[in-house]
>>> print(open('target_13.txt').read())   # compact mmCIF, N, CA and C atoms
# COMPACT_ATOMS: atom_id res chain seq x y z
N MET Y 4 16.50 -10.96 3.71
CA MET Y 4 16.13 -10.10 2.61
C MET Y 4 17.12 -8.94 2.58
N SER Y 5 17.59 -8.60 1.40
CA SER Y 5 18.59 -7.54 1.31
C SER Y 5 17.95 -6.16 1.50
N ILE Y 6 18.79 -5.22 1.84
CA ILE Y 6 18.32 -3.86 2.10
C ILE Y 6 17.76 -3.22 0.83
N ARG Y 7 18.32 -3.60 -0.32
CA ARG Y 7 17.85 -3.04 -1.58
C ARG Y 7 16.42 -3.48 -1.89
N ILE Y 8 16.12 -4.73 -1.66
CA ILE Y 8 14.77 -5.25 -1.89
C ILE Y 8 13.79 -4.59 -0.92
N LYS Y 9 14.21 -4.40 0.32
CA LYS Y 9 13.35 -3.74 1.31
C LYS Y 9 13.01 -2.32 0.87
N CYS Y 10 14.01 -1.61 0.35
CA CYS Y 10 13.77 -0.24 -0.11
C CYS Y 10 12.80 -0.20 -1.28
N VAL Y 11 12.95 -1.14 -2.20
CA VAL Y 11 12.05 -1.21 -3.35
C VAL Y 11 10.62 -1.49 -2.88
N ILE Y 12 10.46 -2.42 -1.96
CA ILE Y 12 9.13 -2.75 -1.43
C ILE Y 12 8.51 -1.53 -0.75
N ILE Y 13 9.29 -0.81 0.04
CA ILE Y 13 8.77 0.37 0.72
C ILE Y 13 8.31 1.42 -0.28
N VAL Y 14 9.11 1.66 -1.32
CA VAL Y 14 8.74 2.65 -2.33
C VAL Y 14 7.47 2.25 -3.05
N VAL Y 15 7.36 0.98 -3.41
CA VAL Y 15 6.16 0.49 -4.11
C VAL Y 15 4.92 0.63 -3.23
N LEU Y 16 5.06 0.29 -1.95
CA LEU Y 16 3.91 0.41 -1.03
C LEU Y 16 3.49 1.86 -0.86
N ILE Y 17 4.45 2.76 -0.75
CA ILE Y 17 4.12 4.19 -0.59
C ILE Y 17 3.46 4.72 -1.86
N LEU Y 18 3.98 4.35 -3.02
CA LEU Y 18 3.36 4.80 -4.27
C LEU Y 18 1.94 4.25 -4.41
N GLY Y 19 1.74 3.00 -4.04
CA GLY Y 19 0.39 2.42 -4.08
C GLY Y 19 -0.57 3.14 -3.14
N LEU Y 20 -0.08 3.46 -1.95
CA LEU Y 20 -0.91 4.18 -0.99
C LEU Y 20 -1.29 5.56 -1.53
N LEU Y 21 -0.33 6.25 -2.12
CA LEU Y 21 -0.62 7.57 -2.68
C LEU Y 21 -1.61 7.49 -3.84
N LYS Y 22 -1.49 6.45 -4.65
CA LYS Y 22 -2.43 6.27 -5.77
C LYS Y 22 -3.85 6.02 -5.26
N ILE Y 23 -3.97 5.16 -4.25
CA ILE Y 23 -5.29 4.88 -3.68
C ILE Y 23 -5.90 6.14 -3.07
N LEU Y 24 -5.09 6.89 -2.32
CA LEU Y 24 -5.60 8.12 -1.71
C LEU Y 24 -5.98 9.15 -2.77
N GLY Y 25 -5.23 9.22 -3.86
CA GLY Y 25 -5.58 10.12 -4.95
C GLY Y 25 -6.90 9.76 -5.60
N LEU Y 26 -7.13 8.46 -5.79
CA LEU Y 26 -8.41 8.02 -6.37
C LEU Y 26 -9.58 8.32 -5.45
N ILE Y 27 -9.37 8.18 -4.15
CA ILE Y 27 -10.43 8.51 -3.19
C ILE Y 27 -10.73 10.00 -3.25
N LYS Y 28 -9.68 10.81 -3.29
CA LYS Y 28 -9.85 12.26 -3.30
C LYS Y 28 -10.62 12.74 -4.53
N LYS Y 29 -10.38 12.08 -5.67
CA LYS Y 29 -11.07 12.45 -6.91
C LYS Y 29 -12.44 11.78 -7.04
N ASN Y 30 -12.86 11.06 -6.01
CA ASN Y 30 -14.14 10.34 -6.00
C ASN Y 30 -14.24 9.30 -7.11
N LYS Y 31 -13.11 8.72 -7.51
CA LYS Y 31 -13.11 7.66 -8.50
C LYS Y 31 -13.07 6.29 -7.84
N LEU Y 32 -12.88 6.27 -6.54
CA LEU Y 32 -12.87 5.02 -5.78
C LEU Y 32 -13.62 5.28 -4.48
N GLU Y 33 -14.64 4.46 -4.23
CA GLU Y 33 -15.41 4.63 -3.00
C GLU Y 33 -14.60 4.17 -1.80
N LEU Y 34 -14.85 4.80 -0.69
CA LEU Y 34 -14.10 4.51 0.53
C LEU Y 34 -14.28 3.06 0.97
N LYS Y 35 -15.47 2.52 0.81
CA LYS Y 35 -15.70 1.14 1.28
C LYS Y 35 -14.86 0.14 0.48
N TYR Y 36 -14.55 0.43 -0.78
CA TYR Y 36 -13.69 -0.45 -1.56
C TYR Y 36 -12.22 -0.14 -1.27
N ALA Y 37 -11.92 1.10 -1.01
CA ALA Y 37 -10.54 1.50 -0.75
C ALA Y 37 -10.04 0.93 0.57
N LEU Y 38 -10.92 0.76 1.53
CA LEU Y 38 -10.49 0.23 2.82
C LEU Y 38 -9.90 -1.17 2.68
N SER Y 39 -10.48 -1.98 1.82
CA SER Y 39 -9.93 -3.33 1.63
C SER Y 39 -8.54 -3.26 1.01
N TRP Y 40 -8.33 -2.35 0.07
CA TRP Y 40 -7.00 -2.19 -0.53
C TRP Y 40 -6.00 -1.66 0.49
N LEU Y 41 -6.45 -0.73 1.33
CA LEU Y 41 -5.55 -0.18 2.35
C LEU Y 41 -5.18 -1.24 3.38
N PHE Y 42 -6.15 -2.06 3.78
CA PHE Y 42 -5.84 -3.14 4.73
C PHE Y 42 -4.92 -4.18 4.09
N LEU Y 43 -5.10 -4.43 2.81
CA LEU Y 43 -4.21 -5.36 2.11
C LEU Y 43 -2.78 -4.83 2.10
N GLU Y 44 -2.64 -3.55 1.84
CA GLU Y 44 -1.31 -2.94 1.82
C GLU Y 44 -0.65 -2.99 3.19
N VAL Y 45 -1.42 -2.74 4.22
CA VAL Y 45 -0.88 -2.84 5.58
C VAL Y 45 -0.49 -4.28 5.89
N GLY Y 46 -1.32 -5.22 5.45
CA GLY Y 46 -1.01 -6.63 5.67
C GLY Y 46 0.26 -7.06 4.97
N ILE Y 47 0.46 -6.58 3.75
CA ILE Y 47 1.67 -6.92 3.02
C ILE Y 47 2.89 -6.33 3.72
N SER Y 48 2.78 -5.11 4.17
CA SER Y 48 3.93 -4.50 4.84
C SER Y 48 4.21 -5.18 6.17
N ARG Y 49 3.19 -5.65 6.88
CA ARG Y 49 3.40 -6.36 8.14
C ARG Y 49 3.95 -7.76 7.89
N ARG Y 50 3.55 -8.38 6.78
CA ARG Y 50 3.96 -9.75 6.48
C ARG Y 50 5.43 -9.82 6.04
N THR Y 51 5.91 -8.74 5.44
CA THR Y 51 7.28 -8.71 4.96
C THR Y 51 8.23 -8.78 6.15
N ASN Y 52 9.23 -9.61 6.02
CA ASN Y 52 10.21 -9.78 7.10
C ASN Y 52 11.20 -8.63 7.06
N TRP Y 53 11.13 -7.73 8.01
CA TRP Y 53 11.98 -6.53 8.03
C TRP Y 53 13.26 -6.73 8.81
N ASN Y 54 13.51 -7.92 9.32
CA ASN Y 54 14.73 -8.15 10.10
C ASN Y 54 15.92 -8.42 9.23
>>> encode(input="target_13.txt", output="structure tokens")
Amino acid sequence: MSIRIKCVIIVVLILGLLKILGLIKKNKLELKYALSWLFLEVGISRRTNWN
């Protein structure tokens, strides 16, 4: 995987994380539902081949 694609994936994951945390902070997303999205994001970042 090229370095450019890795950078794009990292930026998208960080923006998604910030969006989820913002929704939690505004009480528009309950924590029990947000945890599944956060675990999914961690799983995607772990699944991506960073070598």
>>> atom_distance(input="target_13.txt", atom1="atom CA of Y:Val14", atom2="atom CA of Y:Leu26")
18.4 Å
>>> residues_near_point(input="target_13.txt", point="(-5.1, 5.1, -3.4)", cutoff="12 Å", atoms="only C-alpha atoms", output="short mmCIF file (atom, residue, chain, number, x, y, z; two decimals) with N, CA and C atoms, in the frame of the given file")
data_model
loop_
_atom_site.label_atom_id
_atom_site.label_comp_id
_atom_site.auth_asym_id
_atom_site.auth_seq_id
_atom_site.Cartn_x
_atom_site.Cartn_y
_atom_site.Cartn_z
N LEU Y 16 5.06 0.29 -1.95
CA LEU Y 16 3.91 0.41 -1.03
C LEU Y 16 3.49 1.86 -0.86
N ILE Y 17 4.45 2.76 -0.75
CA ILE Y 17 4.12 4.19 -0.59
C ILE Y 17 3.46 4.72 -1.86
N LEU Y 18 3.98 4.35 -3.02
CA LEU Y 18 3.36 4.80 -4.27
C LEU Y 18 1.94 4.25 -4.41
N GLY Y 19 1.74 3.00 -4.04
CA GLY Y 19 0.39 2.42 -4.08
C GLY Y 19 -0.57 3.14 -3.14
N LEU Y 20 -0.08 3.46 -1.95
CA LEU Y 20 -0.91 4.18 -0.99
C LEU Y 20 -1.29 5.56 -1.53
N LEU Y 21 -0.33 6.25 -2.12
CA LEU Y 21 -0.62 7.57 -2.68
C LEU Y 21 -1.61 7.49 -3.84
N LYS Y 22 -1.49 6.45 -4.65
CA LYS Y 22 -2.43 6.27 -5.77
C LYS Y 22 -3.85 6.02 -5.26
N ILE Y 23 -3.97 5.16 -4.25
CA ILE Y 23 -5.29 4.88 -3.68
C ILE Y 23 -5.90 6.14 -3.07
N LEU Y 24 -5.09 6.89 -2.32
CA LEU Y 24 -5.60 8.12 -1.71
C LEU Y 24 -5.98 9.15 -2.77
N GLY Y 25 -5.23 9.22 -3.86
CA GLY Y 25 -5.58 10.12 -4.95
C GLY Y 25 -6.90 9.76 -5.60
N LEU Y 26 -7.13 8.46 -5.79
CA LEU Y 26 -8.41 8.02 -6.37
C LEU Y 26 -9.58 8.32 -5.45
N ILE Y 27 -9.37 8.18 -4.15
CA ILE Y 27 -10.43 8.51 -3.19
C ILE Y 27 -10.73 10.00 -3.25
N LYS Y 28 -9.68 10.81 -3.29
CA LYS Y 28 -9.85 12.26 -3.30
C LYS Y 28 -10.62 12.74 -4.53
N LYS Y 29 -10.38 12.08 -5.67
CA LYS Y 29 -11.07 12.45 -6.91
C LYS Y 29 -12.44 11.78 -7.04
N ASN Y 30 -12.86 11.06 -6.01
CA ASN Y 30 -14.14 10.34 -6.00
C ASN Y 30 -14.24 9.30 -7.11
N LYS Y 31 -13.11 8.72 -7.51
CA LYS Y 31 -13.11 7.66 -8.50
C LYS Y 31 -13.07 6.29 -7.84
N LEU Y 32 -12.88 6.27 -6.54
CA LEU Y 32 -12.87 5.02 -5.78
C LEU Y 32 -13.62 5.28 -4.48
N GLU Y 33 -14.64 4.46 -4.23
CA GLU Y 33 -15.41 4.63 -3.00
C GLU Y 33 -14.60 4.17 -1.80
N LEU Y 34 -14.85 4.80 -0.69
CA LEU Y 34 -14.10 4.51 0.53
C LEU Y 34 -14.28 3.06 0.97
N TYR Y 36 -14.55 0.43 -0.78
CA TYR Y 36 -13.69 -0.45 -1.56
C TYR Y 36 -12.22 -0.14 -1.27
N ALA Y 37 -11.92 1.10 -1.01
CA ALA Y 37 -10.54 1.50 -0.75
C ALA Y 37 -10.04 0.93 0.57
N LEU Y 38 -10.92 0.76 1.53
CA LEU Y 38 -10.49 0.23 2.82
C LEU Y 38 -9.90 -1.17 2.68
N SER Y 39 -10.48 -1.98 1.82
CA SER Y 39 -9.93 -3.33 1.63
C SER Y 39 -8.54 -3.26 1.01
N TRP Y 40 -8.33 -2.35 0.07
CA TRP Y 40 -7.00 -2.19 -0.53
C TRP Y 40 -6.00 -1.66 0.49
N LEU Y 41 -6.45 -0.73 1.33
CA LEU Y 41 -5.55 -0.18 2.35
C LEU Y 41 -5.18 -1.24 3.38
N PHE Y 42 -6.15 -2.06 3.78
CA PHE Y 42 -5.84 -3.14 4.73
C PHE Y 42 -4.92 -4.18 4.09
N LEU Y 43 -5.10 -4.43 2.81
CA LEU Y 43 -4.21 -5.36 2.11
C LEU Y 43 -2.78 -4.83 2.10
N GLU Y 44 -2.64 -3.55 1.84
CA GLU Y 44 -1.31 -2.94 1.82
C GLU Y 44 -0.65 -2.99 3.19
#
>>> atom_distance(input="target_13.txt", atom1="atom CA of Y:Val15", atom2="atom CA of Y:Ser48")
10.5 Å
>>> atom_distance(input="target_13.txt", atom1="atom C of Y:Thr51", atom2="atom CA of Y:Lys35")
26.4 Å
>>> axis_aligned_box(input="target_13.txt", around="stretch 42-46 of chain Y", padding_each_side="5 Å", output="JSON")
{"center_x": -2.9, "center_y": -4.6, "center_z": 3.9, "size_x": 16.4, "size_y": 15.0, "size_z": 14.1}
>>> select_by_dssp(input="target_13.txt", residues="chain Y", states="alpha helix (DSSP H)", output="ChimeraX atom specification")
/Y:6-28,34-50
